[in-house]
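To be precise, the following lines are start_28.cif, and they hold mmCIF, C-alpha atoms and all ligand atoms.
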```
data_coords
loop_
_atom_site.label_atom_id
_atom_site.label_comp_id
_atom_site.auth_asym_id
_atom_site.auth_seq_id
_atom_site.Cartn_x
_atom_site.Cartn_y
_atom_site.Cartn_z
CA MET I 1 7.07 -30.14 43.38
CA THR I 2 7.53 -27.61 40.58
CA SER I 3 4.02 -26.15 40.96
CA GLN I 4 4.90 -25.02 44.48
CA ILE I 5 7.93 -23.08 43.26
CA LEU I 6 6.01 -21.60 40.33
CA SER I 7 3.20 -20.59 42.66
CA GLU I 8 5.59 -18.72 44.97
CA GLN I 9 7.03 -16.93 41.94
CA ALA I 10 3.51 -16.13 40.66
CA ARG I 11 2.48 -14.63 44.01
CA ALA I 12 5.11 -11.94 43.60
CA ALA I 13 3.76 -11.02 40.15
CA LEU I 14 -0.02 -11.64 40.35
CA PRO I 15 -2.31 -10.86 43.32
CA GLY I 16 -2.66 -14.21 45.07
CA GLY I 17 -0.64 -15.73 42.25
CA VAL I 18 -3.75 -16.13 40.11
CA SER I 19 -5.83 -14.45 37.38
CA HIS I 20 -9.18 -15.71 38.75
CA GLU I 21 -9.84 -16.02 42.47
CA LEU I 22 -11.26 -19.54 42.20
CA ARG I 23 -8.05 -20.86 40.67
CA TYR I 24 -6.29 -20.62 43.99
CA ARG I 25 -6.01 -23.90 45.89
CA ALA I 26 -4.32 -24.44 49.25
CA PRO I 27 -1.46 -25.02 49.71
CA HIS I 28 -0.86 -24.00 46.07
CA PRO I 29 -2.52 -24.56 42.69
CA VAL I 30 -1.29 -27.11 40.18
CA PHE I 31 0.36 -25.54 37.12
CA ILE I 32 -0.84 -27.20 33.94
CA ASP I 33 1.44 -27.55 30.97
CA ARG I 34 -0.73 -29.16 28.28
CA ALA I 35 -4.11 -30.79 27.72
CA LYS I 36 -5.63 -33.17 25.18
CA GLY I 37 -9.10 -34.73 25.03
CA ALA I 38 -10.25 -35.31 28.62
CA GLU I 39 -6.73 -35.35 30.08
CA LYS I 40 -4.14 -32.78 31.10
CA TRP I 41 -0.60 -32.85 32.41
CA ASP I 42 1.10 -30.63 34.98
CA VAL I 43 4.56 -29.11 34.78
CA ASP I 44 6.01 -32.26 36.41
CA GLY I 45 4.40 -34.49 33.80
CA LYS I 46 1.72 -35.84 36.17
CA ARG I 47 -1.47 -36.76 34.29
CA TYR I 48 -4.98 -35.72 35.37
CA LEU I 49 -8.40 -36.83 34.18
CA ASP I 50 -10.21 -33.57 33.71
CA PHE I 51 -13.74 -32.94 34.96
CA LYS I 52 -13.31 -29.16 34.97
CA MET I 53 -12.71 -28.91 31.23
CA GLY I 54 -11.76 -25.26 31.08
CA SER I 55 -14.55 -24.24 33.48
CA ALA I 56 -17.05 -26.00 31.21
CA SER I 57 -15.78 -24.37 28.02
CA GLN I 58 -14.04 -27.35 26.38
CA MET I 59 -17.16 -29.31 25.41
CA LEU I 60 -15.40 -30.94 22.46
CA GLY I 61 -12.42 -32.01 24.57
CA HIS I 62 -9.12 -30.19 24.91
CA CYS I 63 -7.32 -29.32 21.68
CA HIS I 64 -9.93 -30.83 19.36
CA PRO I 65 -8.11 -31.17 16.01
CA GLU I 66 -10.69 -29.16 14.06
CA ILE I 67 -10.54 -26.26 16.50
CA VAL I 68 -6.74 -26.27 16.53
CA GLN I 69 -6.65 -26.33 12.74
CA ALA I 70 -9.23 -23.53 12.39
CA VAL I 71 -7.29 -21.31 14.81
CA GLN I 72 -3.97 -22.02 13.12
CA ARG I 73 -5.38 -21.28 9.69
CA GLN I 74 -6.97 -18.03 10.85
CA ALA I 75 -3.85 -16.94 12.76
CA GLU I 76 -1.94 -17.01 9.49
CA ARG I 77 -4.56 -14.89 7.68
CA SER I 78 -5.25 -12.30 10.38
CA ILE I 79 -5.21 -12.52 14.16
CA PHE I 80 -7.12 -9.31 14.59
CA SER I 81 -7.71 -6.15 12.59
CA ALA I 82 -10.82 -4.75 14.33
CA ASP I 83 -12.82 -4.88 11.10
CA CYS I 84 -15.99 -6.64 9.98
CA HIS I 85 -15.41 -10.11 8.57
CA VAL I 86 -17.56 -12.93 7.18
CA LEU I 87 -16.96 -15.40 10.01
CA GLU I 88 -18.84 -13.29 12.56
CA THR I 89 -21.96 -13.35 10.35
CA GLU I 90 -21.65 -17.10 9.83
CA TRP I 91 -21.22 -17.57 13.59
CA ALA I 92 -24.26 -15.37 14.39
CA GLU I 93 -26.35 -17.31 11.84
CA TRP I 94 -25.54 -20.56 13.66
CA VAL I 95 -26.58 -19.04 16.99
CA ASN I 96 -29.78 -17.60 15.54
CA ARG I 97 -30.66 -20.94 13.95
CA LEU I 98 -30.04 -23.03 17.08
CA TYR I 99 -31.50 -20.78 19.82
CA PRO I 100 -35.30 -20.41 19.78
CA SER I 101 -35.05 -16.95 21.40
CA ALA I 102 -32.45 -15.69 18.92
CA GLU I 103 -33.28 -13.42 16.01
CA ARG I 104 -30.05 -11.43 16.33
CA ALA I 105 -26.75 -12.13 18.12
CA ARG I 106 -24.05 -9.76 19.34
CA PHE I 107 -20.63 -11.02 20.44
CA THR I 108 -18.79 -9.97 23.58
CA SER I 109 -15.39 -10.79 25.03
CA SER I 110 -16.59 -12.82 28.05
CA GLY I 111 -19.66 -14.24 29.74
CA THR I 112 -19.58 -11.44 32.29
CA GLU I 113 -19.77 -8.90 29.47
CA ALA I 114 -22.69 -10.85 27.99
CA THR I 115 -24.82 -10.59 31.16
CA MET I 116 -23.77 -6.95 31.59
CA LEU I 117 -24.94 -6.18 28.05
CA ALA I 118 -28.17 -8.20 28.36
CA ILE I 119 -29.09 -6.33 31.54
CA ARG I 120 -28.35 -2.99 29.88
CA LEU I 121 -30.54 -3.93 26.90
CA ALA I 122 -33.36 -5.06 29.17
CA ARG I 123 -33.19 -1.86 31.18
CA ALA I 124 -33.19 0.22 28.01
CA TRP I 125 -36.12 -1.69 26.55
CA SER I 126 -38.23 -1.62 29.71
CA GLY I 127 -37.20 1.87 30.74
CA LYS I 128 -36.84 0.51 34.30
CA ASP I 129 -33.64 0.30 36.33
CA ARG I 130 -34.58 -2.39 38.84
CA VAL I 131 -33.50 -5.97 38.12
CA LEU I 132 -34.83 -9.15 39.75
CA ARG I 133 -32.47 -12.10 40.03
CA VAL I 134 -32.68 -15.49 41.69
CA ASP I 135 -30.98 -16.43 44.94
CA GLY I 136 -27.61 -18.10 44.38
CA HIS I 137 -27.63 -17.86 40.59
CA PHE I 138 -24.31 -16.78 39.10
CA HIS I 139 -24.06 -14.25 36.29
CA GLY I 140 -20.41 -13.22 36.27
CA TRP I 141 -18.53 -10.68 38.34
CA HIS I 142 -19.65 -7.21 37.17
CA ASP I 143 -21.24 -4.71 39.56
CA HIS I 144 -24.83 -5.61 38.65
CA ALA I 145 -24.34 -9.37 38.97
CA LEU I 146 -22.78 -10.08 42.34
CA LYS I 147 -25.51 -9.24 44.83
CA GLY I 148 -27.35 -12.49 45.60
CA ALA I 149 -24.78 -14.69 43.86
CA LYS I 150 -24.02 -16.43 47.15
CA PRO I 151 -27.05 -18.52 48.16
CA GLY I 152 -28.91 -17.28 51.20
CA SER I 153 -27.02 -13.99 51.27
CA ASP I 154 -28.48 -10.69 50.21
CA THR I 155 -25.15 -8.89 50.39
CA THR I 156 -22.44 -8.33 47.81
CA PRO I 157 -19.40 -10.54 48.26
CA SER I 158 -17.08 -7.75 47.13
CA LEU I 159 -15.94 -4.35 48.23
CA GLY I 160 -15.94 -1.67 45.58
CA ILE I 161 -19.50 -2.03 44.33
CA PRO I 162 -21.51 1.16 44.94
CA GLN I 163 -24.41 0.70 47.32
CA ALA I 164 -26.54 2.67 44.83
CA ILE I 165 -26.13 -0.22 42.36
CA ASN I 166 -26.86 -2.92 44.94
CA GLU I 167 -30.09 -1.13 45.77
CA LEU I 168 -31.31 -1.60 42.20
CA ILE I 169 -30.97 -5.39 42.42
CA ASP I 170 -33.73 -7.49 44.02
CA VAL I 171 -33.22 -11.16 44.88
CA CYS I 172 -35.95 -13.79 45.13
CA ALA I 173 -36.11 -17.55 45.69
CA ALA I 174 -36.34 -19.83 42.65
CA GLU I 175 -40.06 -20.23 43.32
CA PRO I 176 -42.90 -18.89 41.16
CA ASP I 177 -44.79 -17.47 44.16
CA ALA I 178 -41.70 -15.64 45.39
CA MET I 179 -41.05 -14.24 41.94
CA GLN I 180 -44.64 -13.18 41.52
CA LYS I 181 -44.55 -11.36 44.85
CA ALA I 182 -41.26 -9.63 43.98
CA LEU I 183 -42.69 -8.53 40.63
CA GLU I 184 -45.51 -6.70 42.34
CA ASP I 185 -42.89 -3.94 42.49
CA GLU I 186 -43.57 -2.29 39.14
CA ARG I 187 -40.17 -0.62 39.13
CA ILE I 188 -38.66 -3.97 38.06
CA GLY I 189 -38.23 -4.32 34.29
CA THR I 190 -35.75 -7.23 34.05
CA VAL I 191 -35.59 -10.81 35.32
CA ILE I 192 -32.43 -12.88 34.91
CA ILE I 193 -32.27 -16.63 35.61
CA GLU I 194 -29.38 -19.11 35.41
CA ALA I 195 -30.95 -21.75 33.17
CA SER I 196 -29.40 -24.70 35.04
CA GLY I 197 -30.33 -23.49 38.51
CA ALA I 198 -27.70 -22.12 40.88
CA ASN I 199 -24.10 -23.10 40.25
CA TYR I 200 -24.60 -25.13 37.09
CA GLY I 201 -27.46 -27.08 38.65
CA CYS I 202 -25.91 -27.84 42.04
CA VAL I 203 -29.24 -26.39 43.18
CA PRO I 204 -31.42 -27.90 40.46
CA LEU I 205 -34.17 -25.95 38.73
CA ALA I 206 -36.90 -28.38 37.68
CA THR I 207 -38.33 -27.89 34.21
CA ASP I 208 -41.82 -27.22 35.59
CA THR I 209 -40.40 -24.58 37.93
CA LEU I 210 -38.43 -22.87 35.16
CA ARG I 211 -41.56 -22.87 33.02
CA ALA I 212 -43.59 -21.39 35.87
CA LEU I 213 -40.93 -18.69 36.48
CA HIS I 214 -41.03 -17.90 32.77
CA ASP I 215 -44.83 -17.61 32.88
CA VAL I 216 -44.72 -15.31 35.92
CA ALA I 217 -42.17 -13.04 34.22
CA ARG I 218 -44.21 -13.03 31.01
CA ALA I 219 -47.40 -12.10 32.87
CA ALA I 220 -45.56 -9.19 34.51
CA GLY I 221 -44.35 -7.95 31.11
CA VAL I 222 -40.68 -7.73 32.14
CA VAL I 223 -37.74 -8.58 29.86
CA LEU I 224 -36.72 -12.17 30.65
CA ILE I 225 -33.06 -13.16 30.31
CA PHE I 226 -31.85 -16.77 30.46
CA ASP I 227 -28.20 -17.07 31.36
CA GLU I 228 -27.23 -20.14 29.30
CA ILE I 229 -23.50 -19.61 29.72
CA ILE I 230 -23.21 -23.13 31.18
CA THR I 231 -26.22 -24.83 29.58
CA GLY I 232 -25.75 -23.34 26.09
CA PHE I 233 -24.63 -26.01 23.56
CA ARG I 234 -24.34 -28.43 26.52
CA TRP I 235 -27.88 -29.34 27.57
CA SER I 236 -28.69 -29.49 23.86
CA PRO I 237 -27.34 -27.73 20.75
CA GLY I 238 -29.94 -25.03 21.47
CA GLY I 239 -29.30 -25.04 25.22
CA ARG I 240 -31.94 -25.57 27.85
CA GLN I 241 -34.46 -23.40 26.01
CA ALA I 242 -34.49 -25.72 22.98
CA ARG I 243 -34.38 -28.88 25.09
CA ASP I 244 -37.30 -27.92 27.31
CA GLY I 245 -39.17 -25.54 25.02
CA ILE I 246 -39.03 -22.52 27.35
CA VAL I 247 -38.10 -19.35 25.49
CA PRO I 248 -36.82 -16.10 27.05
CA ASP I 249 -36.51 -12.67 25.42
CA LEU I 250 -32.71 -12.54 25.66
CA THR I 251 -30.08 -15.25 26.16
CA THR I 252 -26.49 -14.98 27.32
CA LEU I 253 -23.90 -17.44 26.03
CA ALA I 254 -20.15 -17.99 26.56
CA LYS I 255 -17.71 -20.87 27.08
CA VAL I 256 -18.92 -23.36 24.41
CA VAL I 257 -20.40 -20.80 21.97
CA THR I 258 -16.85 -19.72 21.10
CA GLY I 259 -15.54 -23.22 20.45
CA GLY I 260 -13.78 -22.86 23.81
CA LEU I 261 -11.90 -19.62 23.13
CA PRO I 262 -12.40 -16.42 25.15
CA GLY I 263 -15.66 -14.64 24.42
CA GLY I 264 -19.41 -14.61 24.78
CA ALA I 265 -22.66 -13.57 23.14
CA VAL I 266 -26.08 -12.09 23.73
CA CYS I 267 -28.88 -13.19 21.44
CA GLY I 268 -32.58 -12.55 21.44
CA ARG I 269 -35.59 -10.74 20.06
CA ALA I 270 -34.78 -8.54 17.09
CA ASP I 271 -36.69 -5.54 18.43
CA ILE I 272 -34.62 -5.50 21.64
CA MET I 273 -31.31 -6.39 20.00
CA GLU I 274 -31.79 -3.71 17.34
CA LEU I 275 -31.47 -1.07 20.07
CA MET I 276 -27.73 -1.59 19.45
CA SER I 277 -28.07 -0.87 15.75
CA ASN I 278 -26.76 2.47 14.49
CA ALA I 279 -29.96 2.73 12.47
CA THR I 280 -32.07 2.89 15.63
CA LYS I 281 -32.36 6.28 17.23
CA ARG I 282 -34.12 6.66 20.61
CA ASN I 283 -34.37 9.91 22.54
CA GLY I 284 -31.87 11.41 20.12
CA ILE I 285 -29.27 8.71 20.89
CA ALA I 286 -27.99 6.34 18.18
CA PRO I 287 -27.37 3.59 18.80
CA ALA I 288 -29.79 3.69 21.70
CA VAL I 289 -27.78 1.10 23.61
CA SER I 290 -24.05 1.51 23.47
CA HIS I 291 -21.89 -1.56 23.13
CA LYS I 292 -18.21 -1.54 22.28
CA GLY I 293 -15.29 -3.88 22.92
CA THR I 294 -12.10 -4.12 20.90
CA PHE I 295 -11.95 -7.90 20.65
CA ASN I 296 -15.68 -8.67 20.27
CA GLY I 297 -16.30 -11.20 17.51
CA SER I 298 -12.58 -11.51 16.79
CA PRO I 299 -11.75 -13.61 13.71
CA LEU I 300 -9.61 -16.03 15.71
CA VAL I 301 -12.49 -16.79 18.08
CA ALA I 302 -15.05 -16.76 15.26
CA ALA I 303 -12.95 -19.27 13.31
CA ALA I 304 -12.92 -21.64 16.29
CA ALA I 305 -16.65 -21.09 16.84
CA CYS I 306 -17.52 -21.73 13.19
CA ALA I 307 -15.48 -24.95 13.30
CA ALA I 308 -17.26 -26.03 16.49
CA MET I 309 -20.82 -25.20 15.40
CA PRO I 310 -21.36 -28.04 12.87
CA ILE I 311 -19.97 -30.53 15.39
CA LEU I 312 -22.11 -29.17 18.22
CA ALA I 313 -25.26 -28.86 16.08
CA THR I 314 -25.73 -32.63 15.63
CA GLY I 315 -26.16 -33.27 19.35
CA GLU I 316 -23.85 -36.31 19.25
CA ILE I 317 -21.19 -34.74 21.44
CA GLN I 318 -23.84 -33.78 24.01
CA ALA I 319 -25.27 -37.33 24.00
CA GLN I 320 -21.80 -38.79 24.61
CA ALA I 321 -21.07 -36.32 27.41
CA ASP I 322 -24.48 -36.95 29.02
CA ALA I 323 -23.96 -40.73 28.92
CA MET I 324 -20.57 -40.35 30.61
CA ALA I 325 -22.01 -38.12 33.35
CA ASP I 326 -24.77 -40.72 33.89
CA ARG I 327 -22.10 -43.39 34.27
CA MET I 328 -20.21 -41.19 36.73
CA ARG I 329 -23.30 -40.45 38.85
CA ALA I 330 -24.37 -44.11 38.93
CA GLY I 331 -20.82 -45.27 39.77
CA MET I 332 -20.46 -42.67 42.52
CA ASN I 333 -23.78 -43.66 44.10
CA THR I 334 -22.78 -47.33 44.05
CA ALA I 335 -19.35 -46.53 45.49
CA MET I 336 -20.88 -44.50 48.35
CA ALA I 337 -23.38 -47.29 49.11
CA ASP I 338 -20.58 -49.91 49.06
CA ALA I 339 -18.47 -47.78 51.40
CA GLY I 340 -21.39 -47.24 53.77
CA ILE I 341 -21.31 -43.49 53.18
CA VAL I 342 -24.62 -41.66 52.98
CA GLY I 343 -24.53 -39.33 49.99
CA LEU I 344 -26.08 -38.52 46.65
CA ALA I 345 -24.53 -38.01 43.23
CA TYR I 346 -27.02 -36.12 41.06
CA GLY I 347 -27.20 -33.62 38.22
CA ASP I 348 -28.62 -32.94 34.78
CA SER I 349 -27.07 -33.34 31.34
CA SER I 350 -23.26 -33.62 31.45
CA ILE I 351 -22.85 -32.18 34.96
CA PHE I 352 -22.62 -34.10 38.24
CA HIS I 353 -22.65 -32.99 41.88
CA ILE I 354 -22.32 -34.82 45.19
CA HIS I 355 -24.09 -34.09 48.42
CA PHE I 356 -22.52 -35.96 51.33
CA GLY I 357 -24.55 -36.83 54.42
CA ARG I 358 -28.00 -37.12 52.79
CA ASP I 359 -29.47 -39.39 50.17
CA THR I 360 -31.79 -36.73 48.82
CA ILE I 361 -31.61 -32.97 48.38
CA ASP I 362 -35.39 -32.65 48.07
CA GLY I 363 -36.73 -29.99 50.37
CA MET I 364 -33.32 -28.43 51.04
CA THR I 365 -32.74 -24.70 50.57
CA PRO I 366 -29.95 -23.53 48.20
CA ALA I 367 -27.92 -22.41 51.23
CA GLN I 368 -28.29 -25.85 52.84
CA ILE I 369 -27.25 -27.63 49.64
CA ARG I 370 -24.16 -25.45 49.48
CA SER I 371 -23.30 -25.87 53.14
CA LEU I 372 -21.13 -29.01 53.18
CA PRO I 373 -18.29 -28.58 55.67
CA PRO I 374 -15.31 -27.01 53.82
CA VAL I 375 -12.98 -29.69 55.27
CA GLN I 376 -15.14 -32.41 53.71
CA VAL I 377 -15.19 -30.69 50.32
CA LYS I 378 -11.43 -30.22 50.53
CA ALA I 379 -10.85 -33.86 51.54
CA TYR I 380 -12.88 -35.01 48.54
CA ARG I 381 -11.27 -32.65 46.03
CA ASP I 382 -7.73 -33.12 47.33
CA GLY I 383 -8.17 -36.91 47.45
CA MET I 384 -9.27 -36.93 43.82
CA LEU I 385 -6.55 -34.50 42.71
CA HIS I 386 -3.89 -36.51 44.49
CA ARG I 387 -5.06 -39.53 42.47
CA GLY I 388 -4.96 -37.54 39.24
CA VAL I 389 -8.61 -36.46 38.89
CA ASP I 390 -9.44 -32.75 38.74
CA MET I 391 -12.96 -31.50 39.46
CA MET I 392 -14.70 -28.21 38.69
CA ALA I 393 -15.59 -26.54 42.01
CA TYR I 394 -17.30 -27.45 45.28
CA THR I 395 -18.28 -31.11 44.64
CA SER I 396 -19.17 -30.66 40.97
CA GLY I 397 -17.65 -31.90 37.75
CA LEU I 398 -18.54 -32.14 34.10
CA THR I 399 -17.91 -34.34 31.13
CA SER I 400 -17.24 -33.57 27.47
CA GLY I 401 -17.37 -35.36 24.14
CA ALA I 402 -13.87 -36.67 24.88
CA HIS I 403 -14.73 -38.63 28.04
CA THR I 404 -14.92 -42.41 27.53
CA PRO I 405 -16.27 -45.26 29.69
CA GLU I 406 -12.67 -46.30 30.44
CA LEU I 407 -11.76 -42.84 31.72
CA ILE I 408 -14.93 -42.68 33.83
CA ASP I 409 -14.14 -46.08 35.37
CA GLU I 410 -10.62 -44.88 36.15
CA ALA I 411 -12.06 -41.80 37.87
CA LEU I 412 -14.46 -44.03 39.83
CA ASP I 413 -11.49 -46.08 41.12
CA ALA I 414 -10.00 -42.82 42.39
CA PHE I 415 -13.36 -41.97 43.97
CA ARG I 416 -13.51 -45.28 45.84
CA ALA I 417 -9.97 -44.80 47.16
CA THR I 418 -10.79 -41.21 48.17
CA LEU I 419 -13.92 -42.35 50.04
CA ALA I 420 -11.82 -44.92 51.92
CA ASP I 421 -9.46 -42.13 53.00
CA MET I 422 -12.38 -39.90 54.01
CA ILE I 423 -13.82 -42.68 56.22
CA ARG I 424 -10.40 -43.30 57.81
CA ASP I 425 -9.80 -39.63 58.57
N1 LIG I 501 -22.89 -16.87 34.00
C1 LIG I 501 -22.71 -18.17 34.33
C2 LIG I 501 -23.91 -19.05 34.53
C3 LIG I 501 -21.41 -18.68 34.48
O1 LIG I 501 -21.23 -19.96 34.83
C4 LIG I 501 -20.30 -17.83 34.24
C5 LIG I 501 -18.88 -18.32 34.39
N2 LIG I 501 -18.66 -19.41 35.16
C6 LIG I 501 -20.56 -16.49 33.90
C7 LIG I 501 -21.86 -16.05 33.79
C8 LIG I 501 -19.42 -15.53 33.65
O2 LIG I 501 -18.75 -15.88 32.49
P1 LIG I 501 -17.21 -15.44 32.30
O3 LIG I 501 -16.43 -16.21 33.33
O4 LIG I 501 -16.88 -15.81 30.89
O5 LIG I 501 -17.12 -13.97 32.54
#
```

As structure tokens, how would this structure be written, given the file I've shared?
Ligand code: PMP
Amino acid sequence: MTSQILSEQARAALPGGVSHELRYRAPHPVFIDRAKGAEKWDVDGKRYLDFKMGSASQMLGHCHPEIVQAVQRQAERSIFSADCHVLETEWAEWVNRLYPSAERARFTSSGTEATMLAIRLARAWSGKDRVLRVDGHFHGWHDHALKGAKPGSDTTPSLGIPQAINELIDVCAAEPDAMQKALEDERIGTVIIEASGANYGCVPLATDTLRALHDVARAAGVVLIFDEIITGFRWSPGGRQARDGIVPDLTTLAKVVTGGLPGGAVCGRADIMELMSNATKRNGIAPAVSHKGTFNGSPLVAAAACAAMPILATGEIQAQADAMADRMRAGMNTAMADAGIVGLAYGDSSIFHIHFGRDTIDGMTPAQIRSLPPVQVKAYRDGMLHRGVDMMAYTSGLTSGAHTPELIDEALDAFRATLADMIRD
């Protein structure tokens, strides 16, 4: 298999042969050559139905013609000159129109940079260094985001992060009482929440709970950040905040906000966002909050984003993707019942997850939900991949505007065959 040879070659050039630690798969990752709609093909020409979709970034489907055309057209005009250009204003206007929390937007070069910037803004605004985050929620890989990212663990899953930084981060359960208790510490000025619940909703966050967490943060007077890097433009054109009417102070976006190209954004209240304006001087420093980044708001990415925005703004793509995820969840639950396997396919919007061994996740802790035996997760994922269906991570997958009922039914056939293997083994 060509991927095996390419992987050996890659290991000599890239640590672990990858550019992102989660791209590694034993015995070796599959090397993808091209992608279109909801399908992709590896270097040997094998076809896969895709439920990873560029780690949730390709909401319109791979290589959507309008995105390809916008990028091609812009590449001929200017790939990058590090100057102001009209597309970044147009893009920011879309974000500010669609996101209830957004009065200003600032573009970054990744989602990780977006949460890093939002936390810096919140600290500057509140004048307080301590940050409260929720157990298991993911906010990227920077030094201020990793503690607590693994459910049930209060430690940092990485060497190289100064203990002095870890000590500034508090972690609480996704429960209003727990947050209220944590916020009794008046040194905390920032709360950050993953809008879907941990790991794109693998540990769901009910709307009432999110609203209650919002109310607790509001009552404490801290700066509230919603990380909508997964839910943004997916759960609705205006993300979870527009869908459920729960509005934070600051919002982080990435993945879909760029039309699927590299980048991210922070948007939010004008008074906080204007701390980055050169016109705002605080304590003799202008701008009060420093934010740089060579490729922020690059015209190539802005062109893709501006092409994506009118398509995303109607909500039709999201409705199609949601319907396909519904079909997947229902089909998976039927397949497990038919096979005599106890399990639950669940999830919100266009995301689905499976929990094997229980028919409900009610009452389970985040650590319990994420504690399926690794061999079981691997058997499921490998069985699907072998049959040409690629999933996101753990037992999760997501749909896009390019998934059709026929493709879902094909994936469900692969699921039934995989379950049969899992029973046999
Ligand atoms: N926050 C959430 C909720 C995410 O899902 C991700 C990426 N999976 C990030 C932040 C980090 O974004 P990026 O990978 O673009 O740095």

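Minimum atom-to-atom distance to ligand LIG 501 (chain I), evaluated using all atoms listed in the file, belongs to I:Tyr200 out of I:Phe51, I:Tyr200, I:Phe31, I:Tyr394.
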
Check your understanding: Which residues, written as a ChimeraX atom specification, have at least one atom at most 7 Å from Gln318 of chain I, with all atoms listed in the file counted and residues fewer than 2 positions away on the same chain left out?
Key -> /I:234-236,315-316,320-322,401

For the selection just defined, write its residues with C-alpha atoms to a file, as a compact mmCIF listing (two decimals), keeping the file's coordinate frame.
```txt
# COMPACT_ATOMS: atom_id res chain seq x y z
CA ARG I 234 -24.34 -28.43 26.52
CA TRP I 235 -27.88 -29.34 27.57
CA SER I 236 -28.69 -29.49 23.86
CA GLY I 315 -26.16 -33.27 19.35
CA GLU I 316 -23.85 -36.31 19.25
CA GLN I 320 -21.80 -38.79 24.61
CA ALA I 321 -21.07 -36.32 27.41
CA ASP I 322 -24.48 -36.95 29.02
CA GLY I 401 -17.37 -35.36 24.14
```

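If you measure from each of I:Arg218, I:Lys128, I:Arg211, I:Lys52 to ligand LIG 501 (chain I) using all atoms listed in the file, the closest one turns out to be I:Lys52.
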
Exercise for review: Identify, counting only C-alpha atoms and all ligand atoms, the protein, DNA and RNA residues located within 10 Å of ligand LIG 501 (chain I), and give them as a PyMOL selection string.
Suggested key: chain I and resi 20+54-57+108-116+137-142+145+193-201+226-232+252-255+261-265

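Restricting the calculation to all atoms listed in the file, the smallest distance between Gly259 of chain I and any of I:Asp390, I:Asp44, I:Asp33, I:Glu66 is found for I:Glu66.
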
Taking all atoms of segment 199-214 of chain I that the file lists and extending 5 Å past them on each side, where is the centre of the axis-aligned box and how long are its edges? Answer in Å to one decimal, as JSON.
```
{"center_x": -33.8, "center_y": -23.1, "center_z": 38.0, "size_x": 29.5, "size_y": 20.5, "size_z": 20.4}
```

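By chain and then residue number, the residues within 9 Å of Ala307 of chain I are Glu66, Ile67, Gln69, Ala70, Gly259, Ala302, Ala303, Ala304, Ala305, Met309, Pro310 and Ile311 of chain I, counting only C-alpha atoms and disregarding those fewer than 2 positions away in sequence.
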
Review point. Do you know which residues are at most 9 Å from His214 of chain I counting all atoms listed in the file, after dropping those on the same chain fewer than 5 positions away, and could you put them as a count of residues only?
Key: 7
